[in-house]
Amino acid sequence: MRATLFATASAAVIIGLAPGVAQAQDGRQQTSGSNQEATTVEEVVVTATRRTEKLQDVPLSITSLSQEDLNERGAVGYDGLAEATPGVIVNRASANFNNFTARGIATNGYGANLQSTVAIYIDELPISANGNSTIMDPSLYDVERIEFLRGPQGTLFGSGSLAGALRILTHDPDPNKFDASALVDYGVMSGGAFRQRYNAMVNVPLIENELGLRVVGFLRDEDGWLDNIGTGVEGSNSLRQHGGRAILQWEPNDRFSARLMYSHEISKPADSSLSNPALGEDVRRSDRPDRFSGDMSNVNVTLEYQFDGAKLTSSTTWGDYSALFFVDLAGTYAQFFPFALDADAWDNNFVQETRLVSDPGGRIDWSVGTFYFQRKRDVLYGYRSNPAYLAARRLTGLPDEYYQRFHSYFISHEAAVFGELTYRFSPDLWATVGARYGSTDAQGFTMAGGYNSNYLTLAYYGLTNMPITIVPIDEATGVKVEEDGPSYRFSLSWRPNPSVTTYAAVATGFRAPVVNARAGAVSTLDPTDIVIPAGASSDDLINYEIGVKGRWFNGRLSANIAAYWIDWNDIQVQANRVSDSVQFATNIGEATSKGIEFEVFAAPFDGWTVVLNGALNDAKVTGLTAQEAAVSGAVLDARLAGPEFKGSLRVGYGWEFAPGVDAQATVAISHVGDFPNTFPNTPGRPAVPLPTYDYTDSYTFVNANFALAFRNYTIAAYAENIFNDRSVIYVHPEAFVDGRYGRQRPRTVGVRLGYEF
């Protein structure tokens with residue numbers, strides 16, 4: 001791999017010295033209409049550095065997608081974004097259960113108790129979750145842009161951006177013209193499941209040049225394709241999701257603007273999408289539906305003022321998120337007795353960021369800012385049996401079917417100051433240094449009024465005709481974990497000629513500390529098992545990266561290449577106690593991830609476009625003590641939970657179908673390599689292989705699209721997963737669920753109808 005990195009660096013220098021005629025951009029294509037002019041690559045700007053810059057000039061590995069890109073791909077959720085982004089996968093246990101992995105930085109795809117290693121932002125609000133909580137699938141209709149920043153982004157985006165940051169940037173209203181659009185999608189899956197997706201937008205100028213309103217709404221009604229033999233429901237994993245947002249923007253003059261946004265989304269999957277291969281390819285089992293629903297509301301106020309030479313921005317966001325986490329845990333004991341968790345959770349979030357950013361164009365560009373984040377998460381835990389079992393075993397004494405109930409809440413904060421400075425030695429050579437100093441803390445509390453019982457012990461040993469002993473749960477305050485320290489980023493950029501930019505960068509990232517909800521708990525089934533630790537301290541990494549971005553042949557060829565080496569230390573990991581499957585977070589030694597990412601965009605002939613992206617990655621554990629191995633199940637040289645290779649090839653052809661009607665045909669082939677779902681050994685029993693250890697499949701799928709564009713209308717026919725590949729793309733690491741395998745969605749064919757006023 002060191003030789004590969006050296007070869008890539010040499011290639012970057014060679015590419016940089018090659019002659020060119022224009023600046024490199026990203027992969028959005030424009031195909032001509034009737035005159036068959038040459039296809040070229042659009043110029044794209046991003047705001048990844050908190051200022052508007054050409055993608056060419058940003059010393060980061062970034063994939064940018066426009067709304068047109070999303071529509072063409074049929075991307076309405078996170079899976080479509082992962083397909084388009086080199087080195088990124090989305091671990092999707094079920095609807096509203098998503099964790100991104102970038103550059104191999106993950107120890108399993110679930111990450112219970114842990115903050116994701118990729119931060120997700122809707123505008124200024126971080127929606128990434130930690131702990132046993134869902135991460136909402138937000139609507140991606142009528143967005144201004146999607147930016148996926150790879151590599152640590154701790155300087156500008158704080159904790160959780162350990163391996164990258166996904167930014168979903170919504171559209172500003174236009175105060176000067178009325179605008180409207182709609183997109184309808186009807187699809188049928190192999191097996192007959194039907195899906196309907198409706199999206200609409202209207203933009204109204206209220207005061208010309210000053211005040212505009214933009215309203216977006218969406219609705220998804222999608223049948224399921226799994227059968228739950230425990231509940232007797234066919235197509236149990238159906239999805240109902242709806243919501244919208246309204247944005248009001250006021251610009252009374254050329255210096256001041258005020259933007260108010262309200263968004264509300266509700267997502268209700270009827271059941272989990274995980275199956276049990278022992279029962280059948282698309283079969284699952286639970287005594288009741290597993291429910292992972294979410295309800296998210298956000299209010300954002302953004303104020304901007306343009307001074308002479310700099311712009312001041314204040315962004316304030318209030319967010320509420322409520323979720324259900326209802327899951328059958330009876331797989332822990334091979335369905336021997338009922339055991340389930342019904343948890344209601346709700347978050348209250350507050351985010352304030354203030355920054356001052358210099359106007360571009362000078363020898364020195366700078367930005368400074370402050371950030372504050374507060375989250376309070378309440379969780380009502382209800383562990384249950386069921387009335388039929390209690391009656392059959394003649395177990396009495398519970399107030400209802402719940403044998404344990406308690407209310408916990410968790411409070412976390414993050415505060416930081418940050419800044420970035422770019423100095424241009426010449427128009428073609430510049431250096432950027434950024435720093436952030438922040439503090440984070442987290443603490444858990446248990447309220448009085450809950451109770452526990454000996455139900456698990458009685459059920460585990462098959463005892464009957466006995467009263468259940470109830471024990472009150474006292475009020476408790478958990479240990480407060482705190483971390484503070486700096487993050488930094490340094491990069492040097494060089495343009496050897498106008499068509500190519502090269503860069504070298506060093507950056508750090510971190511995650512906030514984690515507290516365990518059951519800290520100090522001793523197993524009632526096996527008191528010699530692991531005592532749940534207090535939590536996990538922050539982990540951190542340092543990323544070394546070189547890259548090149550270039551464009552040649554009058555815009556017909558463009559490429560972005562990056563090579564990286566990452567050292568990850570004090571790794572936060574999730575583990576489960578064997579006797580009762582209680583989850584906990586802890587830390588282990590270190591890991592190394594190294595690899596190459598590339599994106600190539602070509603227009604070899606008039607009307608033709610070719611987009612190729614891919615990533616090679618080698619990520620494994622490189623440092624581990626015997627105690628860390630015992631508590632986590634990790635071993636030296638264990639692979640981390642990411643594929644060694646992932647790639648996608650997309651070929652399109654556009655032509656004039658008839659006078660005034662343009663046509664576009666696209667075929668995309670994507671491949672994802674296999675990867676492990678967790679560490680190979682059993683926590684607490686380091687010499688015993690973990691029964692739930694497994695690999696995903698290595699799989700390839702093909703999508704195709706044919707579209708006709710009229711003046712205001714488009715109609716497209718599509719096929720997703722043409723060859724109906726049903727490979728396993730996710731394996732749950734824990735034993736408590738009966739169905740632990742997520743598969744590629746069945747082949748889906750359909751039509752999309754679009755309208756733009």
# chains A, B, ... in the order shown; residues from 1 in each chain; ligands from 1

$ closest_atom_pairs --of "segment 126-200 of chain A" --to "segment 413-433 of chain A" --cutoff "9 Å" --atoms "only C-alpha atoms" --output "CSV"
residue,atom,partner,partner_atom,distance
A:Thr155,CA,A:Phe418,CA,6.7
A:Leu156,CA,A:Phe418,CA,6.9
A:Gly158,CA,A:Ala416,CA,8.0
A:Ser159,CA,A:Glu414,CA,8.2

$ write_last_selection --atoms "C-alpha atoms" --output "mmCIF file, in the first residue's frame"
data_model
loop_
_atom_site.group_PDB
_atom_site.id
_atom_site.type_symbol
_atom_site.label_atom_id
_atom_site.label_comp_id
_atom_site.auth_asym_id
_atom_site.auth_seq_id
_atom_site.Cartn_x
_atom_site.Cartn_y
_atom_site.Cartn_z
ATOM 1 C CA THR A 155 -12.126 21.917 12.197
ATOM 2 C CA LEU A 156 -15.344 23.267 10.679
ATOM 3 C CA GLY A 158 -16.943 19.471 15.045
ATOM 4 C CA SER A 159 -17.451 16.097 16.694
#

$ select_by_dssp --residues "segment 12-248 of chain A" --states "helix (DSSP H, G or I)" --output "number ranges by chain"
A: 12-17, 55-57, 67-73, 78-84, 154-157

$ write_last_selection --atoms "C-alpha atoms" --output "short mmCIF file (atom, residue, chain, number, x, y, z; two decimals), in the first residue's frame"
data_model
loop_
_atom_site.label_atom_id
_atom_site.label_comp_id
_atom_site.auth_asym_id
_atom_site.auth_seq_id
_atom_site.Cartn_x
_atom_site.Cartn_y
_atom_site.Cartn_z
CA ALA A 12 -0.62 13.33 -9.42
CA VAL A 13 2.55 15.21 -10.29
CA ILE A 14 2.51 13.85 -13.85
CA ILE A 15 -1.15 14.81 -14.30
CA GLY A 16 -0.43 18.21 -12.83
CA LEU A 17 2.27 18.89 -15.40
CA LEU A 55 -14.76 22.81 -6.22
CA GLN A 56 -11.48 22.88 -8.14
CA ASP A 57 -9.86 25.07 -5.49
CA GLN A 67 -31.07 18.14 -7.76
CA GLU A 68 -30.85 17.15 -11.44
CA ASP A 69 -28.33 14.45 -10.53
CA LEU A 70 -30.60 13.12 -7.79
CA ASN A 71 -33.64 13.07 -10.08
CA GLU A 72 -31.77 11.21 -12.81
CA ARG A 73 -30.54 8.61 -10.33
CA TYR A 78 -29.13 7.84 1.64
CA ASP A 79 -28.55 4.71 -0.47
CA GLY A 80 -28.51 6.77 -3.68
CA LEU A 81 -25.90 9.11 -2.19
CA ALA A 82 -23.60 6.24 -1.21
CA GLU A 83 -23.78 4.81 -4.73
CA ALA A 84 -22.54 8.12 -6.17
CA GLY A 154 -13.44 18.40 12.82
CA THR A 155 -12.13 21.92 12.20
CA LEU A 156 -15.34 23.27 10.68
CA PHE A 157 -17.94 20.63 11.58
#

$ closest_residue --among "A:Tyr741, A:Tyr141, A:Trp318, A:Tyr693" --to "Leu260 of chain A" --atoms "only C-alpha atoms"
A:Trp318

$ residues_around --residues "Ser491 of chain A" --least-positions-apart "4" --cutoff "10 Å" --atoms "only C-alpha atoms" --output "PyMOL selection string"
chain A and resi 58-60+422+430-434+503-507+544-546

$ select_by_dssp --residues "segment 359-478 of chain A" --states "strand (DSSP E or B)" --output "ChimeraX atom specification"
/A:364-384,395-396,402-426,429-446,450-453,466-467,470-473,476-477

$ closest_residue --among "A:Arg518, A:His264, A:Arg394, A:Arg150" --to "Arg103 of chain A" --atoms "only C-alpha atoms"
A:Arg150

$ closest_residue --among "A:Val357, A:Leu248, A:Ile266, A:Ile470" --to "Gly397 of chain A" --atoms "only C-alpha atoms"
A:Ile470

$ residues_around --residues "segment 147-149 of chain A" --least-positions-apart "5" --cutoff "12 Å" --atoms "only C-alpha atoms" --output "PyMOL selection string"
chain A and resi 26+44-49+55+58-67+78+81-89+100-103+118-123+154+156-157+161-170

$ residues_around --residues "Val479 of chain A" --least-positions-apart "6" --cutoff "8 Å" --atoms "only C-alpha atoms" --output "VMD selection string"
chain A and resid 443 to 444 515 534

$ closest_residue --among "A:Tyr699, A:Phe757, A:Tyr305, A:Tyr460" --to "Phe256 of chain A" --atoms "only C-alpha atoms"
A:Tyr305

$ closest_residue --among "A:Thr469, A:Asn176, A:Thr302, A:Thr700" --to "Gly647 of chain A" --atoms "only C-alpha atoms"
A:Thr700

$ atom_distance --atom1 "atom CA of Ser181 of chain A" --atom2 "atom CA of Leu708 of chain A"
16.6 Å

$ closest_residue --among "A:Asp662, A:Asp694, A:Glu475, A:Glu210" --to "Phe675 of chain A" --atoms "only C-alpha atoms"
A:Asp694
